[in-house]
Amino acid sequence: MKIRQNDIGHSFSTSKKRFLHKSTIHNMFTTELEYPYWQRTVSLLAQRYGLDTKETFEEAAFAQKGINTDFFIELLHLFNTESELPIEQFKTFPIPIILDYLQKTHHYYLNKKLLEIEQSISNLRNQLPENHLLPFLENFFVWIKENLTFHIRMEEEQLFPHILALYLKVKDKKGFSIQQFIENHADTVELQLSEVKKHIVRAQSSVSEIFPFRVLLKQLDEFEKDLRIHAKIEDEVLIPISLELELTNK
Ligand SMILES: [Fe+2]
Ligand SMILES: [Fe+2]
């Protein structure tokens, strides 16, 4: 998606600006802001934006990649604290910035997250070929891949182009409405992940039996949280502002 320069903004606060010179992206958002525990989150977000966290932080480079630094910092806060989504704050960002994040995240799920989970299940198959949970995990993987792909395709092919057309005030192909989307949109993958984690833990009789599953459990945990934040931004920020636009454009 093409993001216009005036959608990006340059409003780092003065306190943050003094860290800009010669600081890596990683340090910029972790050590020097005294949030060392942000390390994982910075890397999670950087991956989907195609950033190398060892590179020197330059706001111009962020802007060139279409990244709004304030939006990036809001996301970091959200991922780290999982506090209430600051809905009104998020609603102040231009729609293309929000859509861009959601699209990049979709891509990251399909091309990175799912592959990591698949790899962990395959490692388990090599380590514990007789384990009774393997058929369940393999079926679950097929299910999640199909559902997520279908869900994402629908959003990318119908919802997002419709919202972009509303934002740009251009005519969109008829037959799609936000209201209709709300009625059919469900976040089943996230719920299913939570059930699968519980099932893995329940199915093992001792902690040592759970041990080989720890990598997979951690990945599912992280994915569930990521999906939860994604769904919140979609359902509580993007959909309400788009619905308003749809009503005013009528
Ligand atoms: Fe989505
Ligand atoms: Fe969704």
# chains A, B, ... in the order shown; residues from 1 in each chain; ligands from 1
$ residues_near_ligand --ligand "ligand 1" --cutoff "12 Å" --atoms "only C-alpha atoms and all ligand atoms" --output "ChimeraX atom specification"
/A:98-110,147-160,185-190,226-235,238-239
$ residues_around --residues "A:Ser122" --least-positions-apart "4" --cutoff "12 Å" --atoms "only C-alpha atoms" --output "ChimeraX atom specification"
/A:115-118,126-129,134-135,137-138,141,213,215-216
$ write_last_selection --atoms "C-alpha atoms" --output "mmCIF file, in the first residue's frame"
data_model
loop_
_atom_site.group_PDB
_atom_site.id
_atom_site.type_symbol
_atom_site.label_atom_id
_atom_site.label_comp_id
_atom_site.auth_asym_id
_atom_site.auth_seq_id
_atom_site.Cartn_x
_atom_site.Cartn_y
_atom_site.Cartn_z
ATOM 1 C CA LEU A 115 6.186 -21.572 9.242
ATOM 2 C CA GLU A 116 7.739 -21.406 12.713
ATOM 3 C CA ILE A 117 4.841 -23.346 14.217
ATOM 4 C CA GLU A 118 4.982 -25.919 11.423
ATOM 5 C CA ASN A 126 11.438 -36.157 14.856
ATOM 6 C CA GLN A 127 12.031 -36.109 18.602
ATOM 7 C CA LEU A 128 8.931 -38.000 19.719
ATOM 8 C CA PRO A 129 7.649 -40.021 16.739
ATOM 9 C CA LEU A 134 1.176 -35.506 17.098
ATOM 10 C CA PRO A 135 -1.884 -36.331 14.938
ATOM 11 C CA LEU A 137 -1.162 -31.086 16.427
ATOM 12 C CA GLU A 138 -0.842 -31.844 12.730
ATOM 13 C CA PHE A 141 -1.955 -26.935 11.979
ATOM 14 C CA PHE A 213 6.577 -28.956 23.855
ATOM 15 C CA VAL A 215 9.062 -24.133 22.204
ATOM 16 C CA LEU A 216 5.711 -24.782 20.560
#
$ closest_residue --among "A:Phe140, A:Phe181, A:Phe223, A:Phe176" --to "A:His199" --atoms "only C-alpha atoms"
A:Phe140
$ select_by_dssp --residues "stretch 14-172 of chain A" --states "alpha helix (DSSP H)" --output "ChimeraX atom specification"
/A:14-17,25-29,39-49,59-64,69-81,87-91,95-108,114-127,134-154,160-168
$ write_last_selection --atoms "C-alpha atoms" --output "short mmCIF file (atom, residue, chain, number, x, y, z; two decimals), in the first residue's frame"
data_model
loop_
_atom_site.label_atom_id
_atom_site.label_comp_id
_atom_site.auth_asym_id
_atom_site.auth_seq_id
_atom_site.Cartn_x
_atom_site.Cartn_y
_atom_site.Cartn_z
CA THR A 14 12.02 16.21 22.50
CA SER A 15 13.00 13.75 25.20
CA LYS A 16 13.13 10.94 22.65
CA LYS A 17 14.91 13.06 20.02
CA ILE A 25 16.98 0.77 16.39
CA HIS A 26 17.30 -1.82 19.09
CA ASN A 27 18.93 0.57 21.58
CA MET A 28 16.71 3.42 20.58
CA PHE A 29 13.66 1.58 21.79
CA GLN A 39 13.88 -6.27 23.27
CA ARG A 40 11.62 -9.08 22.08
CA THR A 41 8.82 -6.71 21.16
CA VAL A 42 11.07 -4.41 19.17
CA SER A 43 12.27 -7.37 17.18
CA LEU A 44 8.73 -8.73 16.70
CA LEU A 45 7.56 -5.43 15.26
CA ALA A 46 10.76 -4.73 13.33
CA GLN A 47 10.46 -8.06 11.51
CA ARG A 48 7.11 -7.22 10.02
CA TYR A 49 8.27 -3.75 9.00
CA GLU A 59 13.75 8.77 11.49
CA ALA A 60 14.14 9.48 7.77
CA ALA A 61 14.67 5.77 7.11
CA PHE A 62 11.54 4.99 9.12
CA ALA A 63 9.63 7.52 7.06
CA GLN A 64 11.03 6.07 3.86
CA THR A 69 7.33 6.49 14.63
CA ASP A 70 4.56 7.50 17.01
CA PHE A 71 2.43 4.62 15.79
CA PHE A 72 5.40 2.28 16.25
CA ILE A 73 5.85 3.46 19.85
CA GLU A 74 2.13 3.04 20.57
CA LEU A 75 2.38 -0.54 19.30
CA LEU A 76 5.41 -1.20 21.49
CA HIS A 77 3.48 0.00 24.53
CA LEU A 78 0.54 -2.15 23.61
CA PHE A 79 2.62 -5.28 23.09
CA ASN A 80 4.55 -4.78 26.30
CA THR A 81 1.85 -3.84 28.69
CA ILE A 87 -8.68 3.54 21.21
CA GLU A 88 -8.98 7.32 20.87
CA GLN A 89 -5.20 7.67 20.48
CA PHE A 90 -5.10 5.01 17.76
CA LYS A 91 -8.02 6.63 15.98
CA ILE A 95 -6.25 5.04 8.01
CA PRO A 96 -3.40 4.07 5.61
CA ILE A 97 -0.98 3.79 8.57
CA ILE A 98 -3.38 1.41 10.36
CA LEU A 99 -4.10 -0.59 7.20
CA ASP A 100 -0.40 -0.85 6.45
CA TYR A 101 0.29 -2.32 9.91
CA LEU A 102 -2.56 -4.84 9.57
CA GLN A 103 -1.43 -5.90 6.10
CA LYS A 104 2.20 -6.27 7.15
CA THR A 105 1.04 -8.31 10.13
CA HIS A 106 -1.07 -10.58 7.90
CA HIS A 107 1.98 -11.17 5.74
CA TYR A 108 4.09 -11.85 8.84
CA LEU A 114 2.87 -20.29 10.56
CA LEU A 115 6.19 -21.57 9.24
CA GLU A 116 7.74 -21.41 12.71
CA ILE A 117 4.84 -23.35 14.22
CA GLU A 118 4.98 -25.92 11.42
CA GLN A 119 8.72 -26.31 12.01
CA SER A 120 8.21 -26.89 15.75
CA ILE A 121 5.59 -29.57 15.08
CA SER A 122 7.95 -31.23 12.63
CA ASN A 123 10.78 -31.10 15.22
CA LEU A 124 8.45 -32.80 17.70
CA ARG A 125 7.66 -35.47 15.11
CA ASN A 126 11.44 -36.16 14.86
CA GLN A 127 12.03 -36.11 18.60
CA LEU A 134 1.18 -35.51 17.10
CA PRO A 135 -1.88 -36.33 14.94
CA PHE A 136 -3.86 -33.74 16.93
CA LEU A 137 -1.16 -31.09 16.43
CA GLU A 138 -0.84 -31.84 12.73
CA ASN A 139 -4.61 -31.58 12.23
CA PHE A 140 -4.65 -28.40 14.21
CA PHE A 141 -1.96 -26.93 11.98
CA VAL A 142 -3.93 -27.71 8.81
CA TRP A 143 -7.01 -26.13 10.39
CA ILE A 144 -5.25 -22.96 11.51
CA LYS A 145 -3.51 -22.48 8.18
CA GLU A 146 -6.75 -22.83 6.22
CA ASN A 147 -8.76 -20.61 8.53
CA LEU A 148 -6.19 -17.87 8.83
CA THR A 149 -5.56 -17.82 5.09
CA PHE A 150 -9.29 -17.58 4.37
CA HIS A 151 -9.81 -14.87 7.01
CA ILE A 152 -6.87 -12.80 5.74
CA ARG A 153 -7.82 -13.19 2.08
CA MET A 154 -11.30 -11.90 2.78
CA PHE A 160 -9.24 -3.19 3.08
CA PRO A 161 -9.80 -2.00 -0.53
CA HIS A 162 -13.31 -0.88 0.49
CA ILE A 163 -11.92 1.09 3.46
CA LEU A 164 -9.18 2.64 1.36
CA ALA A 165 -11.76 3.72 -1.20
CA LEU A 166 -13.81 5.32 1.59
CA TYR A 167 -10.71 7.13 2.88
CA LEU A 168 -9.76 8.37 -0.60
#
$ closest_residue --among "A:Lys250, A:Lys225, A:Lys54, A:Lys65" --to "A:Lys171" --atoms "only C-alpha atoms"
A:Lys250
$ closest_residue --among "A:Glu84, A:Glu55, A:Glu224, A:Glu236" --to "A:Ser194" --atoms "only C-alpha atoms"
A:Glu224
